[in-house]
Amino acid sequence: SVPGYPMLRCSSFSAKALTLDCTGTLFTFKYPIPDTYVEIAKKHGLSQAVESTKYWPHWKAAYNVACARYPCFGSGTQSYDEFWEHVIGPSFRAMQWDPPQRCLDEIVQFYKDPKNYLMYPDTIPFLKSAKEMGFKLGVISNSGPVYSRYIIPGLGIGQYLDFVLTSYEAGCQKPTCDMFRRAQTEAGQLFESGHIEPSEILHVGDDLELDYNAARSYGFQAVLVNRTAQSIPSEVWTVESLEEVLK
């Protein structure tokens, strides 16, 4: 236990720091991804007849190929924007349409605007309460500088966070132990001793594998935020809203 900094207790857990996932936990996209891509593409020449449901499998395939070829969104090898060009271009070419550069640029820019994200109503009350209770707060997200530079500050979340760790900037990603080790190091630096045990951190996220299981396998405590009524094994600590975490 860190000297002079007691574990903070809630009814379900005690910890010194909370790490938080972003998408699906603190906020989400305002519009479905395929709808956004197809709508923008139609402004640049894609056939008006194309349906986003037909496009979606091509997007997923191109995204999976890009992730395998350029881990952590191309961290260390290319810009975050360039990574998305490797998704946008091939996904539309698979539909026999070659998007012009201005279409790629517009899609990339769209996701830098906080107006295109939806913050859950429990997010700010939760962050505020956690901060007032004395928890150190950090984000661990499989994302990149778009979140750390534009979306987190733009949504007004940044003021509550002690650190933001994205996979692009860290060069590692969930569910690897490296990502949670980096988060442990970041959290540790917030204390006088410069250290925190994994068991003194609670990770909060919405993905059973990437968040809950991955955090626990590294030694963090974990809680799963189940906003979409997905079926979850009964032994998993689950909440439907963030505010339940602090009860």
# chains A, B, ... in the order shown; residues from 1 in each chain; ligands from 1

call {"tool": "residues_around", "arguments": {"residues": "segment 84-87 of chain A", "least_positions_apart": "3", "cutoff": "9 Å", "atoms": "only C-alpha atoms", "output": "ChimeraX atom specification"}}
result
/A:59-66,73,80-81,90-92,101,104-105,107-108

call {"tool": "write_last_selection", "arguments": {"atoms": "N, CA, C and O atoms", "output": "mmCIF file, in the first residue's frame"}}
result
data_model
loop_
_atom_site.group_PDB
_atom_site.id
_atom_site.type_symbol
_atom_site.label_atom_id
_atom_site.label_comp_id
_atom_site.auth_asym_id
_atom_site.auth_seq_id
_atom_site.Cartn_x
_atom_site.Cartn_y
_atom_site.Cartn_z
ATOM 1 N N TRP A 59 -15.831 -2.681 -44.992
ATOM 2 C CA TRP A 59 -15.115 -1.847 -44.009
ATOM 3 C C TRP A 59 -14.424 -2.729 -42.977
ATOM 4 O O TRP A 59 -13.249 -2.558 -42.677
ATOM 5 N N LYS A 60 -15.161 -3.689 -42.429
ATOM 6 C CA LYS A 60 -14.597 -4.562 -41.386
ATOM 7 C C LYS A 60 -13.404 -5.355 -41.914
ATOM 8 O O LYS A 60 -12.384 -5.494 -41.231
ATOM 9 N N ALA A 61 -13.540 -5.848 -43.153
ATOM 10 C CA ALA A 61 -12.434 -6.630 -43.746
ATOM 11 C C ALA A 61 -11.199 -5.750 -43.928
ATOM 12 O O ALA A 61 -10.077 -6.148 -43.574
ATOM 13 N N ALA A 62 -11.389 -4.532 -44.457
ATOM 14 C CA ALA A 62 -10.259 -3.620 -44.684
ATOM 15 C C ALA A 62 -9.636 -3.195 -43.358
ATOM 16 O O ALA A 62 -8.406 -3.094 -43.228
ATOM 17 N N TYR A 63 -10.462 -2.975 -42.340
ATOM 18 C CA TYR A 63 -9.974 -2.592 -41.015
ATOM 19 C C TYR A 63 -9.125 -3.715 -40.413
ATOM 20 O O TYR A 63 -8.041 -3.472 -39.877
ATOM 21 N N ASN A 64 -9.608 -4.943 -40.518
ATOM 22 C CA ASN A 64 -8.863 -6.084 -39.963
ATOM 23 C C ASN A 64 -7.517 -6.277 -40.663
ATOM 24 O O ASN A 64 -6.510 -6.554 -40.010
ATOM 25 N N VAL A 65 -7.497 -6.104 -41.976
ATOM 26 C CA VAL A 65 -6.242 -6.216 -42.736
ATOM 27 C C VAL A 65 -5.273 -5.114 -42.300
ATOM 28 O O VAL A 65 -4.088 -5.361 -42.039
ATOM 29 N N ALA A 66 -5.788 -3.882 -42.188
ATOM 30 C CA ALA A 66 -4.941 -2.744 -41.792
ATOM 31 C C ALA A 66 -4.385 -2.946 -40.387
ATOM 32 O O ALA A 66 -3.208 -2.666 -40.121
ATOM 33 N N PHE A 73 -2.540 0.988 -34.992
ATOM 34 C CA PHE A 73 -2.885 2.052 -35.955
ATOM 35 C C PHE A 73 -1.644 2.622 -36.649
ATOM 36 O O PHE A 73 -1.615 3.797 -37.011
ATOM 37 N N TYR A 80 -1.309 8.626 -37.828
ATOM 38 C CA TYR A 80 -2.606 8.030 -37.499
ATOM 39 C C TYR A 80 -3.579 8.228 -38.669
ATOM 40 O O TYR A 80 -4.347 7.329 -39.012
ATOM 41 N N ASP A 81 -3.545 9.403 -39.302
ATOM 42 C CA ASP A 81 -4.416 9.672 -40.453
ATOM 43 C C ASP A 81 -4.131 8.701 -41.592
ATOM 44 O O ASP A 81 -5.051 8.219 -42.258
ATOM 45 N N PRO A 90 -9.140 0.820 -49.503
ATOM 46 C CA PRO A 90 -9.470 -0.572 -49.850
ATOM 47 C C PRO A 90 -10.934 -0.944 -49.626
ATOM 48 O O PRO A 90 -11.501 -1.732 -50.381
ATOM 49 N N SER A 91 -11.572 -0.376 -48.599
ATOM 50 C CA SER A 91 -12.970 -0.755 -48.318
ATOM 51 C C SER A 91 -13.888 -0.323 -49.459
ATOM 52 O O SER A 91 -14.811 -1.054 -49.830
ATOM 53 N N PHE A 92 -13.627 0.855 -50.042
ATOM 54 C CA PHE A 92 -14.459 1.305 -51.171
ATOM 55 C C PHE A 92 -14.022 0.649 -52.481
ATOM 56 O O PHE A 92 -14.864 0.360 -53.337
ATOM 57 N N GLN A 101 -8.834 11.586 -53.021
ATOM 58 C CA GLN A 101 -8.151 11.970 -51.777
ATOM 59 C C GLN A 101 -9.031 12.874 -50.911
ATOM 60 O O GLN A 101 -9.037 12.754 -49.687
ATOM 61 N N LEU A 104 -11.196 10.823 -48.672
ATOM 62 C CA LEU A 104 -10.432 10.281 -47.541
ATOM 63 C C LEU A 104 -10.208 11.354 -46.478
ATOM 64 O O LEU A 104 -10.420 11.123 -45.286
ATOM 65 N N ASP A 105 -9.829 12.541 -46.939
ATOM 66 C CA ASP A 105 -9.557 13.649 -46.009
ATOM 67 C C ASP A 105 -10.809 14.023 -45.214
ATOM 68 O O ASP A 105 -10.729 14.273 -44.008
ATOM 69 N N ILE A 107 -13.432 12.183 -44.449
ATOM 70 C CA ILE A 107 -13.782 11.151 -43.460
ATOM 71 C C ILE A 107 -12.852 11.251 -42.248
ATOM 72 O O ILE A 107 -13.304 11.222 -41.096
ATOM 73 N N VAL A 108 -11.562 11.402 -42.505
ATOM 74 C CA VAL A 108 -10.585 11.515 -41.406
ATOM 75 C C VAL A 108 -10.910 12.736 -40.535
ATOM 76 O O VAL A 108 -10.897 12.665 -39.308
#

call {"tool": "residues_around", "arguments": {"residues": "Phe126 of chain A", "least_positions_apart": "3", "cutoff": "9 Å", "atoms": "only C-alpha atoms", "output": "PyMOL selection string"}}
result
chain A and resi 122-123+129-131+242-246

call {"tool": "residues_around", "arguments": {"residues": "segment 47-53 of chain A", "least_positions_apart": "4", "cutoff": "12 Å", "atoms": "only C-alpha atoms", "output": "VMD selection string"}}
result
chain A and resid 31 to 43 57 to 60 91 to 92 95 to 99

call {"tool": "write_last_selection", "arguments": {"atoms": "N, CA, C and O atoms", "output": "short mmCIF file (atom, residue, chain, number, x, y, z; two decimals), in the first residue's frame"}}
result
data_model
loop_
_atom_site.label_atom_id
_atom_site.label_comp_id
_atom_site.auth_asym_id
_atom_site.auth_seq_id
_atom_site.Cartn_x
_atom_site.Cartn_y
_atom_site.Cartn_z
N TYR A 31 -23.05 8.63 -35.01
CA TYR A 31 -23.69 7.94 -36.13
C TYR A 31 -22.95 6.62 -36.38
O TYR A 31 -21.73 6.55 -36.18
N PRO A 32 -23.65 5.58 -36.86
CA PRO A 32 -22.96 4.32 -37.17
C PRO A 32 -21.85 4.55 -38.20
O PRO A 32 -22.01 5.33 -39.15
N ILE A 33 -20.72 3.89 -38.01
CA ILE A 33 -19.55 4.09 -38.88
C ILE A 33 -19.89 3.92 -40.37
O ILE A 33 -19.56 4.81 -41.17
N PRO A 34 -20.55 2.82 -40.77
CA PRO A 34 -20.79 2.68 -42.23
C PRO A 34 -21.68 3.78 -42.80
O PRO A 34 -21.49 4.20 -43.95
N ASP A 35 -22.62 4.28 -42.00
CA ASP A 35 -23.49 5.36 -42.47
C ASP A 35 -22.66 6.61 -42.77
O ASP A 35 -22.85 7.27 -43.80
N THR A 36 -21.75 6.93 -41.87
CA THR A 36 -20.91 8.13 -42.04
C THR A 36 -20.03 8.00 -43.29
O THR A 36 -19.97 8.91 -44.12
N TYR A 37 -19.35 6.86 -43.42
CA TYR A 37 -18.44 6.67 -44.56
C TYR A 37 -19.20 6.76 -45.88
O TYR A 37 -18.76 7.44 -46.82
N VAL A 38 -20.35 6.08 -45.95
CA VAL A 38 -21.10 6.03 -47.21
C VAL A 38 -21.69 7.41 -47.54
O VAL A 38 -21.65 7.86 -48.69
N GLU A 39 -22.20 8.09 -46.53
CA GLU A 39 -22.79 9.41 -46.75
C GLU A 39 -21.74 10.40 -47.30
O GLU A 39 -22.01 11.15 -48.24
N ILE A 40 -20.55 10.39 -46.71
CA ILE A 40 -19.49 11.29 -47.18
C ILE A 40 -19.05 10.87 -48.59
O ILE A 40 -18.85 11.71 -49.47
N ALA A 41 -18.91 9.56 -48.79
CA ALA A 41 -18.45 9.07 -50.11
C ALA A 41 -19.43 9.46 -51.22
O ALA A 41 -19.00 9.76 -52.35
N LYS A 42 -20.71 9.47 -50.92
CA LYS A 42 -21.71 9.83 -51.95
C LYS A 42 -21.54 11.28 -52.39
O LYS A 42 -21.87 11.64 -53.52
N LYS A 43 -21.02 12.12 -51.51
CA LYS A 43 -20.74 13.52 -51.89
C LYS A 43 -19.58 13.60 -52.88
O LYS A 43 -19.38 14.60 -53.54
N PRO A 57 -19.47 -4.92 -44.34
CA PRO A 57 -18.53 -6.05 -44.34
C PRO A 57 -17.19 -5.69 -45.00
O PRO A 57 -16.13 -6.17 -44.56
N HIS A 58 -17.22 -4.84 -46.02
CA HIS A 58 -15.98 -4.41 -46.69
C HIS A 58 -15.14 -3.54 -45.75
O HIS A 58 -13.92 -3.62 -45.72
N TRP A 59 -15.83 -2.68 -44.99
CA TRP A 59 -15.12 -1.85 -44.01
C TRP A 59 -14.42 -2.73 -42.98
O TRP A 59 -13.25 -2.56 -42.68
N LYS A 60 -15.16 -3.69 -42.43
CA LYS A 60 -14.60 -4.56 -41.39
C LYS A 60 -13.40 -5.36 -41.91
O LYS A 60 -12.38 -5.49 -41.23
N SER A 91 -11.57 -0.38 -48.60
CA SER A 91 -12.97 -0.75 -48.32
C SER A 91 -13.89 -0.32 -49.46
O SER A 91 -14.81 -1.05 -49.83
N PHE A 92 -13.63 0.85 -50.04
CA PHE A 92 -14.46 1.30 -51.17
C PHE A 92 -14.02 0.65 -52.48
O PHE A 92 -14.86 0.36 -53.34
N MET A 95 -15.70 -2.32 -53.44
CA MET A 95 -17.03 -2.11 -54.04
C MET A 95 -16.90 -1.50 -55.45
O MET A 95 -17.85 -0.90 -55.96
N GLN A 96 -15.70 -1.63 -56.00
CA GLN A 96 -15.43 -1.12 -57.36
C GLN A 96 -15.58 0.39 -57.48
O GLN A 96 -16.06 0.92 -58.49
N TRP A 97 -15.18 1.11 -56.42
CA TRP A 97 -15.17 2.58 -56.49
C TRP A 97 -13.90 3.07 -55.82
O TRP A 97 -13.58 2.68 -54.69
N ASP A 98 -13.16 3.90 -56.54
CA ASP A 98 -11.87 4.40 -56.02
C ASP A 98 -12.09 5.81 -55.44
O ASP A 98 -12.31 6.75 -56.20
N PRO A 99 -12.05 5.96 -54.12
CA PRO A 99 -12.36 7.28 -53.54
C PRO A 99 -11.25 8.29 -53.81
O PRO A 99 -10.07 7.97 -53.69
#

call {"tool": "closest_residue", "arguments": {"among": "A:Pro114, A:Gly188, A:Gly134, A:Pro121", "to": "Gly154 of chain A", "atoms": "only C-alpha atoms"}}
result
A:Pro114

call {"tool": "closest_residue", "arguments": {"among": "A:Phe180, A:Gln221, A:Phe83, A:Thr228", "to": "Ser12 of chain A", "atoms": "only C-alpha atoms"}}
result
A:Gln221

call {"tool": "atom_distance", "arguments": {"atom1": "atom CA of His44 of chain A", "atom2": "atom CA of Cys103 of chain A"}}
result
6.1 Å

call {"tool": "closest_residue", "arguments": {"among": "A:Met133, A:Ile88, A:Leu224, A:Cys72", "to": "Leu8 of chain A", "atoms": "only C-alpha atoms"}}
result
A:Met133

call {"tool": "closest_residue", "arguments": {"among": "A:Glu235, A:Asp178, A:Glu209, A:Glu169", "to": "Gly76 of chain A", "atoms": "only C-alpha atoms"}}
result
A:Glu169

call {"tool": "residues_around", "arguments": {"residues": "segment 19-30 of chain A", "least_positions_apart": "2", "cutoff": "9 Å", "atoms": "only C-alpha atoms", "output": "MDAnalysis selection string"}}
result
chainID A and resid 17 32:33 111 115:120 122:124 136:143 147 152 157 183 187 201:207 211 225:227 241:242

call {"tool": "select_by_dssp", "arguments": {"residues": "segment 23-152 of chain A", "states": "strand (DSSP E or B)", "output": "list in words"}}
result
Thr23, Phe27, Thr28, Phe29, Tyr117, Leu118, Met119, Lys136, Leu137, Gly138, Val139, Ile140 and Ser141 of chain A

call {"tool": "write_last_selection", "arguments": {"atoms": "C-alpha atoms", "output": "mmCIF file, in the first residue's frame"}}
result
data_model
loop_
_atom_site.group_PDB
_atom_site.id
_atom_site.type_symbol
_atom_site.label_atom_id
_atom_site.label_comp_id
_atom_site.auth_asym_id
_atom_site.auth_seq_id
_atom_site.Cartn_x
_atom_site.Cartn_y
_atom_site.Cartn_z
ATOM 1 C CA THR A 23 -15.568 4.118 -26.854
ATOM 2 C CA PHE A 27 -18.668 8.133 -25.147
ATOM 3 C CA THR A 28 -19.559 6.655 -28.514
ATOM 4 C CA PHE A 29 -19.941 7.675 -32.153
ATOM 5 C CA TYR A 117 -19.484 11.915 -30.738
ATOM 6 C CA LEU A 118 -22.091 11.270 -28.096
ATOM 7 C CA MET A 119 -21.102 11.430 -24.446
ATOM 8 C CA LYS A 136 -6.579 9.090 -9.680
ATOM 9 C CA LEU A 137 -8.141 8.703 -13.134
ATOM 10 C CA GLY A 138 -6.638 7.641 -16.441
ATOM 11 C CA VAL A 139 -7.797 6.481 -19.859
ATOM 12 C CA ILE A 140 -6.527 3.353 -21.632
ATOM 13 C CA SER A 141 -7.891 3.286 -25.164
#

call {"tool": "atom_distance", "arguments": {"atom1": "atom CA of Gln189 of chain A", "atom2": "atom CA of Glu132 of chain A"}}
result
19.7 Å

call {"tool": "closest_residue", "arguments": {"among": "A:Leu127, A:Ser75, A:Met179, A:Tyr150", "to": "Lys112 of chain A", "atoms": "only C-alpha atoms"}}
result
A:Tyr150

call {"tool": "atom_distance", "arguments": {"atom1": "atom CA of Arg181 of chain A", "atom2": "atom CA of Gly158 of chain A"}}
result
21.8 Å

call {"tool": "closest_residue", "arguments": {"among": "A:Leu208, A:Ala215, A:Lys128, A:Trp56", "to": "Gln159 of chain A", "atoms": "only C-alpha atoms"}}
result
A:Lys128

call {"tool": "select_by_dssp", "arguments": {"residues": "segment 4-243 of chain A", "states": "helix (DSSP H, G or I)", "output": "ChimeraX atom specification"}}
result
/A:33-43,52-69,71-74,80-93,101-110,114-116,123-133,145-154,158-160,167-170,177-188,198-200,208-218,242-243
